[in-house]
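Step one of this worksheet: look at the structure below.
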Amino acid sequence: MSHAVSTDIHAPSSGTNYLNNGYGLRSWLLTRDHKRIAILYLLSVTLFFFIGGIMAMLIRLELLTPEGDLLQADTYNRVFSMHGISMVFFFLIPAIPAVLGNFLVPLMIGAKDLAFPRINLLSWYLYMFGGAFTLWAMIHGGVDTGWTFYTPLSTHYAQGQVMMAALGVFIAGFSSILTGLNFVVTIHRMRAPGMTWFRLPLFIWSHYATSLIMLLGTPVIAVTILMLAAERAFHLGLFDPRLGGDPVLFQHLFWFYSHPAVYIMVLPAMGVVSELIAAFSRKPVFGYKIVAIASIAIAVLGFLVWGHHMFVSGQSIYASTVFSLLSMLVAIPSAVKVFNWTATLYEGSVSWDTPMLYALGFIGLFTIGGLTGVMIGTLGIDIHLHDTYFIVAHFHYVMVGGTIMAYLGGLHYWWPKITGRKYRPFWAKISAMLVFVGFNLTFFPQFLLGYMGMPRRYWSYAPEFQVLNVLSTAGASILGIGYLLPAFYFAWSMRYGEKSEDNPWGAVGLEWQTSSPPPTFNFHETPIVTHDAYDYHDQRPTTAHKGEAALV
Amino acid sequence: MSEHQPSIRPYILVFLALMVLTAATVLVAKFDLGAANDIVALVIAVTKATLVVLFFMHVKYSTRLTKLTVIGSVLWLAFLIGVTMMDYASRRMSDEVRGAPYEAPGRGSAGQLGDVGGPTDPVSSPAAADGE
Amino acid sequence: MFNPAPSSGNVSVAGQVHHPALQHHFDTLEQQKESSSLGMWMFLVTEVLFFGGLFATYVLYRLRFPGVFAEASHHLNVPMGALNTAVLICSSLTMALAIYAAQVNKKKAIVPWLVATILLGATFLVVKAFEYKEKFTHHLVPGPNFDLTQFSPDHARPAEMFFSLYFVMTGVHALHMIIGIGLLSWLVVQSRKGRFDSTYYNPLEMSGLYWHFVDIVWIFLFPLLYLLGYHAR
């Protein structure tokens with residue numbers, strides 16, 4: 001039996017697909033189709049991304065001048081807290097898994113849907129409920145605790161909407177748990193015939209590893225938030241030193257999740273990058289098996305390093321040393337991936353389409369972010385750099401230079417599959433350039449600022465830091481434009497974009513073996529897999545596979 | 001999930017064992033065995049839990065994946081508790097090396113910031129004045 | 001190590017009547033059953049870590065205030081706690097028997113065993129309610145109700161800490177019991193409609209897994225909360 005291939009891969013798809021299979025609000029809000037749920041998530045996470053972005057804009061505006069002259073100090077604290085909460089919990093953690101993962105996991109493994117479609121929809125509603133509570137909290141003043149909710153500030157002294165914000169995050173956590181649960185079961189039980197574990201695309205391996213983290217880590221922050229809320233509401237002393245409690249315990253429990261959470265944010269991005277590098281080099285990913293196993297290694301090791309967030313919290317120096325050592329170890333599988341992607345490019349047939357630009361951007365920027373992570377994982381250095389802008393720069397390099405770049409790359413790559421339309425590559429490449437330049441201009445100066453001693457979470461600073469801060473704000477403006485443009489040209493493409501054929505990039509993967517957009521049940525016939533993940537041997541570039549060149 | 005021939009007998013036997021172990025745990029707790037009290041209580045609890053997992057939850061007859069899942073979750077719980085306690089267990093040593101400015105109250109350093117007059121545990125600290 | 005999807009799924013099942021419980025995105029009932037079971041186990045993994053955070057908190061403070069925790073534990077009602085332990089163990093048995101009844105196609109026995117489980121679970125909650133009320137009358141509820149003078153000045157706050165843990169841990173456990181009873185009630189409704197038999201009883205089995213898990217949590221809570229320093233009572 002051969003693959004379920006549409007008869008003419010060059011012709012645009014026609015007929016019923018998941019988008020036109022039923023109209024009306026009810027058909028979307030009560031859908032069980034993983035692809036529609038992915039679209040729902042796309043809209044929601046974009047909303048929170050822009051909310052977080054507005055907060056970022058306020059931060060950068062304030063930091064144009066050394067004095068605290070735009071916002072009051074307390075307001076500034078609330079702004080950066082809401083920036084962190086929106087971005088971490090409502091954008092970075094869900095974005096790639098819930099948008100791209102939801103859409104692609106069943107397609108890539110040859111299944112009709114996820115294992116639990118109704119639970120998938122429930123996930124989205126939980127996300128929305130959590131988001132609603134958090135928005136309510138923001139509108140009514142927000143919190144000033146930072147996204148980290150440290151005690152006893154959050155349990156006792158903070159005057160803002162701690163309970164509501166905590167409740168919002170708590171609910172959203174269950175959204176994450178259910179997504180992870182769905183992915184694990186789907187990947188174990190619903191692979192098409194012939195799709196063995198080591199034939200799975202690396203995107204699937206990454207999402208599997210991510211899902212393990214979601215299941216093992218999220219419940220701990222959930223119960224910790226519950227304890228925080230109970231303490232605040234009933235004046236318990238779980239984290240209050242005056243009542244025998246220990247604020248550092250909160251940090252242990254909080255970071256037990258929140259460190260692995262950063263791997264929830266970056267592993268799916270790495271999965272996307274693997275797909276993009278393979279497709280746009282027209283080669284299998286070098287060392288496929290090792291990259292797959294590295295994803296699992298990152299997930300496991302990522303749970304053993306959380307104390308590196310607590311080097312100056314009073315943690316024992318022996319524990320700190322162990323955490324520092326383990327933090328070095330966790331860098332290794334990530335580095336292996338970077339080497340393997342680079343090796344994939346070697347002697348590949350590389351094309352410079354927009355998704356590839358983002359993928360290459362990821363590799364460079366994630367490397368910088370990762371290396372600076374190793375720097376601050378070094379106990380002696382972190383004593384000085386903790387709570388400075390060096391930390392801020394580090395995590396923005398991995399989260400924004402890493403995850404968001406990969407997210408954008410993935411959106412561009414799979415856009416024709418998801419919507420059946422093509423975007424105009426000219427504007428897409430302009431955006432990618434603006435994002436890259438804007439990003440580096442925003443955040444590289446922050447490494448220098450941190451190293452020079454500028455503390456984070458301060459709304460005023462010493463005058464000698466101003467030049468770098470002004471550069472950073474200038475960069476942020478450029479970055480903002482780079483992020484806004486896709487909203488426009490993607491929307492434009494929905495109406496006026498050229499219709500896409502099944503496989504506009506000429507890529508290998510089950511998702512490309514069905515129409516763009518796919519039918520509701522994904523495949524007209526269940527595919528049977530007979531080869532490895534990135535089998536590009538027979539796919540030499542022909543005039544038919546022009547990729548983006550076909551769009552102009 | 002259980003492909004074996006179903007029978008009531010294992011359930012009844014496990015039920016009786018659980019009841020006996022419950023009685024045992026209460027009985028043993030009546031004696032002062034020092035540190036062994038905790039250990040015995042935990043051993044009994046783990047035994048009871050294992051019986052429930054293997055027989056009531058049919059894990060004995062389940063796939064390797066299910067068994068791996070059970071072991072994995074317990075392992076992760078062990079990480080959470082064990083690695084957290086690695087910090088607290090080494091605080092006293094750490095404070096000595098750091099030259100902590102004051103004698104940390106109670107057994108095991110509380111890691112409290114400043115002198116907030118944290119509660120002491122006179123029952124177990126060496127400087128216990130009077131008993132209860 | 002991991003099983004690939006069953007190979008029977010790729011051909012059309014022409015001529016084979018679909019089991020009414022088979023959902024459209026699964027190829028076979030077996031695949032659906034295996035998926036549901038794996039899903040419930042994944043959920044239980046999250047529950048282990050959820051309660052785990054509370055147990056981690058307990059471990060820290062227990063090691064920090066061993067004497068005071070034992071003293072505070074003396075105020076708990078061991079007969080009630082032991083009774084509740086026995087009640088839950090019985091309920092696990094009746095739950096297992098409900099599933100057994102389905103397995104051997106004794107459909108009429110399913111509902112009685114489920115109802116027995118529910119009643120035992122309800123008994124647990126009633127006993128718990130009595131215990132909580134008792135704590136309230138003895139001024140042992142953390143916060144404004146707590147009478148610190150019951151303990152010597154140095155012991156009062158750690159004792160209150162013990163009770164904070166007691167209420168949070170048993171409270172979260174009780175919430176899980178309530179949800180469990182709700183789940184079982186839904187199963188009773190479904191069973192009365194004759195939905196379960198030896199060909200299909202997966203929801204019973206999965207709910208059983210949940211119920212047994214909640215029992216296991218109590219198996220740990222009982223000695224850790226009630227039997228601390230029991231010998232010194």
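By convention in this document, the chains of the structure tokens carry letters A, B, ... by their order, each chain's residues are numbered from 1, and ligands are numbered from 1 in the order they are shown.
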For Thr520 in chain A: contacts at 9 Å, only C-alpha atoms, fewer than 4 positions along chain excluded, given as a list in words: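 That gives Thr16, Asn17, Tyr18, Leu19, Asn21, Asp33, Lys35, Lys112 and Asp113 of chain A.
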Please save C-alpha atoms of the selected residues as a PDB file, in the first residue's frame.
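Final output, out-v3.pdb:
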```pdb
ATOM      1  CA  THR A  16     -14.184  20.287   2.131  1.00  0.00           C
ATOM      2  CA  ASN A  17     -11.512  20.925   4.683  1.00  0.00           C
ATOM      3  CA  TYR A  18     -11.529  21.527   8.422  1.00  0.00           C
ATOM      4  CA  LEU A  19     -11.996  25.285   7.960  1.00  0.00           C
ATOM      5  CA  ASN A  21     -16.584  22.099   7.429  1.00  0.00           C
ATOM      6  CA  ASP A  33     -11.179  19.074  15.906  1.00  0.00           C
ATOM      7  CA  LYS A  35      -6.929  21.833  14.153  1.00  0.00           C
ATOM      8  CA  LYS A 112      -7.253  11.345  12.890  1.00  0.00           C
ATOM      9  CA  ASP A 113      -7.143  13.473  16.011  1.00  0.00           C
TER      10      ASP A 113
END
```
Shell around Val168 in chain C at 12 Å using only C-alpha atoms, local window under 3 positions removed, as a PyMOL selection string: (chain A and resi 223-224+226-231+234+236-238) or (chain C and resi 51+53-55+57-58+132+141-142+161-165+171-175+221+225)
Using only C-alpha atoms, which residues sit within 10 Å of Gln32 in chain C once same-chain residues fewer than 2 positions away are excluded, as a short mmCIF file (atom, residue, chain, number, x, y, z; two decimals) with N, CA and C atoms, in the first residue's frame?
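After the write, selection_24.cif holds the following:
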```
data_model
loop_
_atom_site.label_atom_id
_atom_site.label_comp_id
_atom_site.auth_asym_id
_atom_site.auth_seq_id
_atom_site.Cartn_x
_atom_site.Cartn_y
_atom_site.Cartn_z
N ALA A 115 -5.82 11.88 21.18
CA ALA A 115 -6.51 10.79 21.88
C ALA A 115 -7.80 11.26 22.55
N PHE A 116 -7.78 12.48 23.07
CA PHE A 116 -8.94 12.95 23.84
C PHE A 116 -9.38 14.32 23.33
N ARG A 189 -0.10 5.83 21.56
CA ARG A 189 -1.13 4.89 21.14
C ARG A 189 -1.71 5.12 19.76
N MET A 190 -1.41 6.27 19.13
CA MET A 190 -2.15 6.55 17.90
C MET A 190 -1.27 6.76 16.68
N ALA C 21 -19.67 2.04 21.96
CA ALA C 21 -18.84 2.95 22.74
C ALA C 21 -17.61 3.43 22.00
N LEU C 22 -17.37 2.90 20.79
CA LEU C 22 -16.14 3.26 20.06
C LEU C 22 -16.24 4.68 19.52
N GLN C 23 -15.27 5.52 19.90
CA GLN C 23 -15.24 6.89 19.39
C GLN C 23 -14.57 6.92 18.02
N HIS C 24 -14.99 7.87 17.18
CA HIS C 24 -14.64 7.82 15.76
C HIS C 24 -13.15 7.97 15.47
N HIS C 25 -12.42 8.63 16.37
CA HIS C 25 -11.02 8.88 16.04
C HIS C 25 -10.12 7.70 16.41
N PHE C 26 -10.72 6.70 17.07
CA PHE C 26 -9.97 5.48 17.34
C PHE C 26 -10.30 4.43 16.29
N ASP C 27 -9.34 3.54 16.04
CA ASP C 27 -9.58 2.49 15.06
C ASP C 27 -10.28 1.29 15.67
N THR C 28 -9.87 0.93 16.89
CA THR C 28 -10.48 -0.23 17.55
C THR C 28 -10.80 0.09 18.99
N LEU C 29 -11.68 -0.71 19.56
CA LEU C 29 -12.04 -0.53 20.97
C LEU C 29 -10.83 -0.77 21.86
N GLU C 30 -9.99 -1.69 21.43
CA GLU C 30 -8.78 -1.99 22.20
C GLU C 30 -7.89 -0.77 22.29
N GLU C 34 -6.91 1.17 25.69
CA GLU C 34 -5.51 1.37 26.10
C GLU C 34 -5.21 2.85 26.25
N SER C 35 -5.79 3.66 25.36
CA SER C 35 -5.54 5.10 25.44
C SER C 35 -6.15 5.68 26.71
N SER C 36 -7.40 5.27 26.99
CA SER C 36 -8.05 5.79 28.20
C SER C 36 -7.28 5.42 29.44
N SER C 37 -6.83 4.18 29.50
CA SER C 37 -6.09 3.75 30.68
C SER C 37 -4.79 4.52 30.83
N LEU C 38 -4.07 4.68 29.73
CA LEU C 38 -2.83 5.44 29.79
C LEU C 38 -3.10 6.87 30.22
N ASN C 202 -14.30 -0.10 30.76
CA ASN C 202 -13.14 0.74 31.00
C ASN C 202 -13.37 1.93 31.93
#
```
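Nearest to chain C of all the residues B:Val43, B:Ala36, B:Leu16, B:Ile81 is B:Ile81, based on only C-alpha atoms.
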Shell around range 529-535 of chain A at 7 Å using only C-alpha atoms, local window under 6 positions removed, as JSON, numbers by chain: {"A": [193, 194, 195, 199, 200, 201, 278, 283, 284, 508, 509]}
Distance filter 12 Å, only C-alpha atoms, chain A against chain B, as an MDAnalysis selection string: chainID A and resid 152 184:185 188:189 212:213 215:217 219:221 237 239:257 299:308 310:323 326
Dump as a PDB file, in the first residue's frame, selection limited to C-alpha atoms:
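And here's part-v6.pdb as it stands now:
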```pdb
ATOM      1  CA  PRO A 152       6.320  36.683  52.211  1.00  0.00           C
ATOM      2  CA  VAL A 184       1.686  11.587  25.665  1.00  0.00           C
ATOM      3  CA  VAL A 185      -1.236   9.233  25.124  1.00  0.00           C
ATOM      4  CA  HIS A 188       2.095   6.289  22.477  1.00  0.00           C
ATOM      5  CA  ARG A 189      -1.129   4.893  21.141  1.00  0.00           C
ATOM      6  CA  LEU A 212       6.451  14.757  30.308  1.00  0.00           C
ATOM      7  CA  ILE A 213       7.607  17.980  31.917  1.00  0.00           C
ATOM      8  CA  LEU A 215       2.774  16.325  33.680  1.00  0.00           C
ATOM      9  CA  LEU A 216       5.536  16.045  36.246  1.00  0.00           C
ATOM     10  CA  GLY A 217       6.169  19.712  37.000  1.00  0.00           C
ATOM     11  CA  PRO A 219       1.146  19.996  39.575  1.00  0.00           C
ATOM     12  CA  VAL A 220       3.844  21.166  41.954  1.00  0.00           C
ATOM     13  CA  ILE A 221       3.392  24.824  41.111  1.00  0.00           C
ATOM     14  CA  GLY A 237       2.266  30.327  58.399  1.00  0.00           C
ATOM     15  CA  PHE A 239       5.983  30.439  54.324  1.00  0.00           C
ATOM     16  CA  ASP A 240       5.971  33.090  57.050  1.00  0.00           C
ATOM     17  CA  PRO A 241       9.073  33.171  59.251  1.00  0.00           C
ATOM     18  CA  ARG A 242       7.229  34.854  62.113  1.00  0.00           C
ATOM     19  CA  LEU A 243       4.925  31.866  62.294  1.00  0.00           C
ATOM     20  CA  GLY A 244       7.614  29.219  61.909  1.00  0.00           C
ATOM     21  CA  GLY A 245       7.413  29.033  58.155  1.00  0.00           C
ATOM     22  CA  ASP A 246      10.162  29.207  55.580  1.00  0.00           C
ATOM     23  CA  PRO A 247      10.074  31.539  52.575  1.00  0.00           C
ATOM     24  CA  VAL A 248      12.844  29.564  50.908  1.00  0.00           C
ATOM     25  CA  LEU A 249      10.573  26.509  50.865  1.00  0.00           C
ATOM     26  CA  PHE A 250       8.269  28.479  48.596  1.00  0.00           C
ATOM     27  CA  GLN A 251      11.192  29.085  46.279  1.00  0.00           C
ATOM     28  CA  HIS A 252      12.108  25.385  46.220  1.00  0.00           C
ATOM     29  CA  LEU A 253       8.579  24.389  45.351  1.00  0.00           C
ATOM     30  CA  PHE A 254       8.137  27.251  42.873  1.00  0.00           C
ATOM     31  CA  TRP A 255      11.350  26.595  40.967  1.00  0.00           C
ATOM     32  CA  PHE A 256      10.873  22.830  40.969  1.00  0.00           C
ATOM     33  CA  TYR A 257       8.315  23.614  38.273  1.00  0.00           C
ATOM     34  CA  ALA A 299      13.481  16.962  30.192  1.00  0.00           C
ATOM     35  CA  VAL A 300      14.958  14.701  32.858  1.00  0.00           C
ATOM     36  CA  LEU A 301      18.031  16.744  33.769  1.00  0.00           C
ATOM     37  CA  GLY A 302      15.959  19.918  33.705  1.00  0.00           C
ATOM     38  CA  PHE A 303      14.224  18.760  36.870  1.00  0.00           C
ATOM     39  CA  LEU A 304      17.436  18.563  38.858  1.00  0.00           C
ATOM     40  CA  VAL A 305      18.834  22.057  38.506  1.00  0.00           C
ATOM     41  CA  TRP A 306      16.253  24.407  40.003  1.00  0.00           C
ATOM     42  CA  GLY A 307      18.454  25.579  42.870  1.00  0.00           C
ATOM     43  CA  HIS A 308      20.480  27.693  40.472  1.00  0.00           C
ATOM     44  CA  MET A 310      18.373  30.321  44.587  1.00  0.00           C
ATOM     45  CA  PHE A 311      22.110  30.774  44.891  1.00  0.00           C
ATOM     46  CA  VAL A 312      21.681  33.972  46.905  1.00  0.00           C
ATOM     47  CA  SER A 313      18.517  33.025  48.767  1.00  0.00           C
ATOM     48  CA  GLY A 314      20.259  31.436  51.705  1.00  0.00           C
ATOM     49  CA  GLN A 315      20.476  27.998  50.178  1.00  0.00           C
ATOM     50  CA  SER A 316      23.265  25.835  51.545  1.00  0.00           C
ATOM     51  CA  ILE A 317      26.505  26.248  49.624  1.00  0.00           C
ATOM     52  CA  TYR A 318      26.737  22.485  49.257  1.00  0.00           C
ATOM     53  CA  ALA A 319      23.331  22.277  47.630  1.00  0.00           C
ATOM     54  CA  SER A 320      24.258  25.265  45.476  1.00  0.00           C
ATOM     55  CA  THR A 321      27.410  23.508  44.328  1.00  0.00           C
ATOM     56  CA  VAL A 322      25.465  20.409  43.350  1.00  0.00           C
ATOM     57  CA  PHE A 323      22.909  22.498  41.485  1.00  0.00           C
ATOM     58  CA  LEU A 326      24.017  19.715  37.348  1.00  0.00           C
TER      59      LEU A 326
END
```
Counting only C-alpha atoms, chain C residues within 6 Å of chain B, as a list in words: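 The answer, sorted by residue number, is Val45, Gly52, Ala56, Arg64, Phe65, Gly67, Asp154, Leu209, Ile216, Phe220, Tyr230 and His231 of chain C.
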Those of range 271-453 of chain A in DSSP helix (DSSP H, G or I), formatted as a ChimeraX atom specification: /A:271-281,288-304,306-309,317-345,354-377,379-385,389-419,425-452
Would you write out those residues with C-alpha atoms, as a short mmCIF file (atom, residue, chain, number, x, y, z; two decimals), in the first residue's frame?
```cif
data_model
loop_
_atom_site.label_atom_id
_atom_site.label_comp_id
_atom_site.auth_asym_id
_atom_site.auth_seq_id
_atom_site.Cartn_x
_atom_site.Cartn_y
_atom_site.Cartn_z
CA GLY A 271 11.38 20.62 17.63
CA VAL A 272 10.27 23.29 15.20
CA VAL A 273 13.87 24.17 14.38
CA SER A 274 14.69 20.54 13.60
CA GLU A 275 11.83 20.47 11.11
CA LEU A 276 12.84 23.75 9.50
CA ILE A 277 16.53 22.93 9.24
CA ALA A 278 15.78 19.58 7.63
CA ALA A 279 13.24 20.97 5.20
CA PHE A 280 15.34 23.91 4.10
CA SER A 281 18.57 21.92 3.79
CA TYR A 288 18.62 12.12 14.42
CA LYS A 289 18.61 9.51 17.16
CA ILE A 290 20.90 11.51 19.40
CA VAL A 291 18.79 14.62 18.94
CA ALA A 292 15.68 12.62 19.86
CA ILE A 293 17.30 11.24 23.00
CA ALA A 294 18.71 14.66 23.85
CA SER A 295 15.14 15.94 24.12
CA ILE A 296 14.40 13.35 26.79
CA ALA A 297 17.70 14.08 28.50
CA ILE A 298 16.86 17.78 28.69
CA ALA A 299 13.48 16.96 30.19
CA VAL A 300 14.96 14.70 32.86
CA LEU A 301 18.03 16.74 33.77
CA GLY A 302 15.96 19.92 33.71
CA PHE A 303 14.22 18.76 36.87
CA LEU A 304 17.44 18.56 38.86
CA TRP A 306 16.25 24.41 40.00
CA GLY A 307 18.45 25.58 42.87
CA HIS A 308 20.48 27.69 40.47
CA HIS A 309 17.72 30.28 40.86
CA ILE A 317 26.50 26.25 49.62
CA TYR A 318 26.74 22.48 49.26
CA ALA A 319 23.33 22.28 47.63
CA SER A 320 24.26 25.26 45.48
CA THR A 321 27.41 23.51 44.33
CA VAL A 322 25.46 20.41 43.35
CA PHE A 323 22.91 22.50 41.49
CA SER A 324 25.66 24.39 39.72
CA LEU A 325 27.30 21.17 38.57
CA LEU A 326 24.02 19.71 37.35
CA SER A 327 23.29 22.96 35.50
CA MET A 328 26.47 22.45 33.52
CA LEU A 329 25.29 18.97 32.62
CA VAL A 330 21.91 20.09 31.35
CA ALA A 331 23.61 22.37 28.85
CA ILE A 332 25.16 19.39 27.10
CA PRO A 333 22.14 17.93 25.30
CA SER A 334 21.15 21.41 24.15
CA ALA A 335 24.62 21.97 22.79
CA VAL A 336 24.49 18.61 21.04
CA LYS A 337 21.37 19.76 19.24
CA VAL A 338 23.04 22.97 18.12
CA PHE A 339 26.00 21.05 16.75
CA ASN A 340 23.73 18.59 14.98
CA TRP A 341 21.64 21.29 13.36
CA THR A 342 24.79 22.95 12.15
CA ALA A 343 26.06 19.66 10.78
CA THR A 344 22.73 19.23 8.99
CA LEU A 345 23.37 22.42 7.05
CA THR A 354 11.54 33.02 5.81
CA PRO A 355 11.16 29.96 8.03
CA MET A 356 14.82 29.17 7.50
CA LEU A 357 15.80 32.72 8.45
CA TYR A 358 14.01 32.28 11.74
CA ALA A 359 15.56 28.84 12.27
CA LEU A 360 19.05 30.15 11.70
CA GLY A 361 18.30 33.10 13.94
CA PHE A 362 17.23 30.65 16.63
CA ILE A 363 20.45 28.69 16.43
CA GLY A 364 22.64 31.75 16.84
CA LEU A 365 20.61 33.49 19.49
CA PHE A 366 19.80 30.38 21.48
CA THR A 367 23.50 29.59 21.54
CA ILE A 368 24.28 33.00 23.02
CA GLY A 369 21.46 32.61 25.50
CA GLY A 370 22.56 29.11 26.40
CA LEU A 371 26.21 30.00 26.85
CA THR A 372 25.33 32.92 29.09
CA GLY A 373 23.19 30.44 30.98
CA VAL A 374 26.27 28.36 31.63
CA MET A 375 28.00 31.52 32.83
CA ILE A 376 25.36 32.32 35.37
CA GLY A 377 25.04 28.68 36.35
CA LEU A 379 28.03 29.72 41.35
CA GLY A 380 30.79 32.27 41.82
CA ILE A 381 29.67 34.43 38.90
CA ASP A 382 25.99 34.31 39.75
CA ILE A 383 26.61 35.78 43.19
CA HIS A 384 27.41 39.00 41.38
CA LEU A 385 25.07 38.73 38.41
CA TYR A 389 20.17 42.81 33.79
CA PHE A 390 22.56 40.05 32.81
CA ILE A 391 19.93 37.56 33.92
CA VAL A 392 17.24 39.49 32.08
CA ALA A 393 19.31 39.46 28.91
CA HIS A 394 20.08 35.75 29.27
CA PHE A 395 16.51 34.63 29.52
CA HIS A 396 15.28 36.96 26.81
CA TYR A 397 17.91 35.52 24.49
CA VAL A 398 16.62 32.02 25.01
CA MET A 399 12.94 32.88 25.31
CA VAL A 400 12.65 35.55 22.64
CA GLY A 401 15.71 34.95 20.51
CA GLY A 402 14.98 31.28 20.91
CA THR A 403 11.37 30.34 21.44
CA ILE A 404 9.61 33.25 19.77
CA MET A 405 11.83 33.04 16.72
CA ALA A 406 11.09 29.36 16.39
CA TYR A 407 7.39 30.03 16.88
CA LEU A 408 7.40 32.59 14.10
CA GLY A 409 9.45 30.29 11.90
CA GLY A 410 6.98 27.51 12.49
CA LEU A 411 4.01 29.76 11.83
CA HIS A 412 5.48 30.80 8.49
CA TYR A 413 6.42 27.25 7.54
CA TRP A 414 3.08 25.67 8.33
CA TRP A 415 0.91 28.67 7.48
CA PRO A 416 0.05 27.31 4.02
CA LYS A 417 -0.87 23.99 5.60
CA ILE A 418 -2.98 25.55 8.35
CA THR A 419 -4.79 28.14 6.24
CA PRO A 425 7.59 36.52 1.28
CA PHE A 426 8.85 40.07 0.80
CA TRP A 427 7.10 41.36 3.91
CA ALA A 428 7.88 38.18 5.80
CA LYS A 429 11.58 38.57 5.21
CA ILE A 430 11.47 42.25 6.13
CA SER A 431 9.81 41.27 9.40
CA ALA A 432 12.36 38.58 10.09
CA MET A 433 15.18 41.09 9.60
CA LEU A 434 13.46 43.65 11.82
CA VAL A 435 12.93 41.05 14.50
CA PHE A 436 16.54 39.92 14.39
CA VAL A 437 18.03 43.40 14.43
CA GLY A 438 15.51 44.76 16.90
CA PHE A 439 15.97 41.83 19.21
CA ASN A 440 19.74 42.09 19.40
CA LEU A 441 19.65 45.84 19.81
CA THR A 442 17.17 45.45 22.66
CA PHE A 443 18.87 42.75 24.61
CA PHE A 444 22.58 42.70 23.92
CA PRO A 445 23.12 46.00 25.74
CA GLN A 446 21.40 44.41 28.72
CA PHE A 447 24.25 41.92 29.10
CA LEU A 448 26.58 44.87 29.43
CA LEU A 449 24.24 46.69 31.78
CA GLY A 450 23.99 43.68 34.04
CA TYR A 451 27.66 43.11 34.04
CA MET A 452 28.15 46.75 34.98
#
```
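In this model, the gap between CA of Ala476 in chain A and CA of Gly453 in chain A comes to 21.3 Å.
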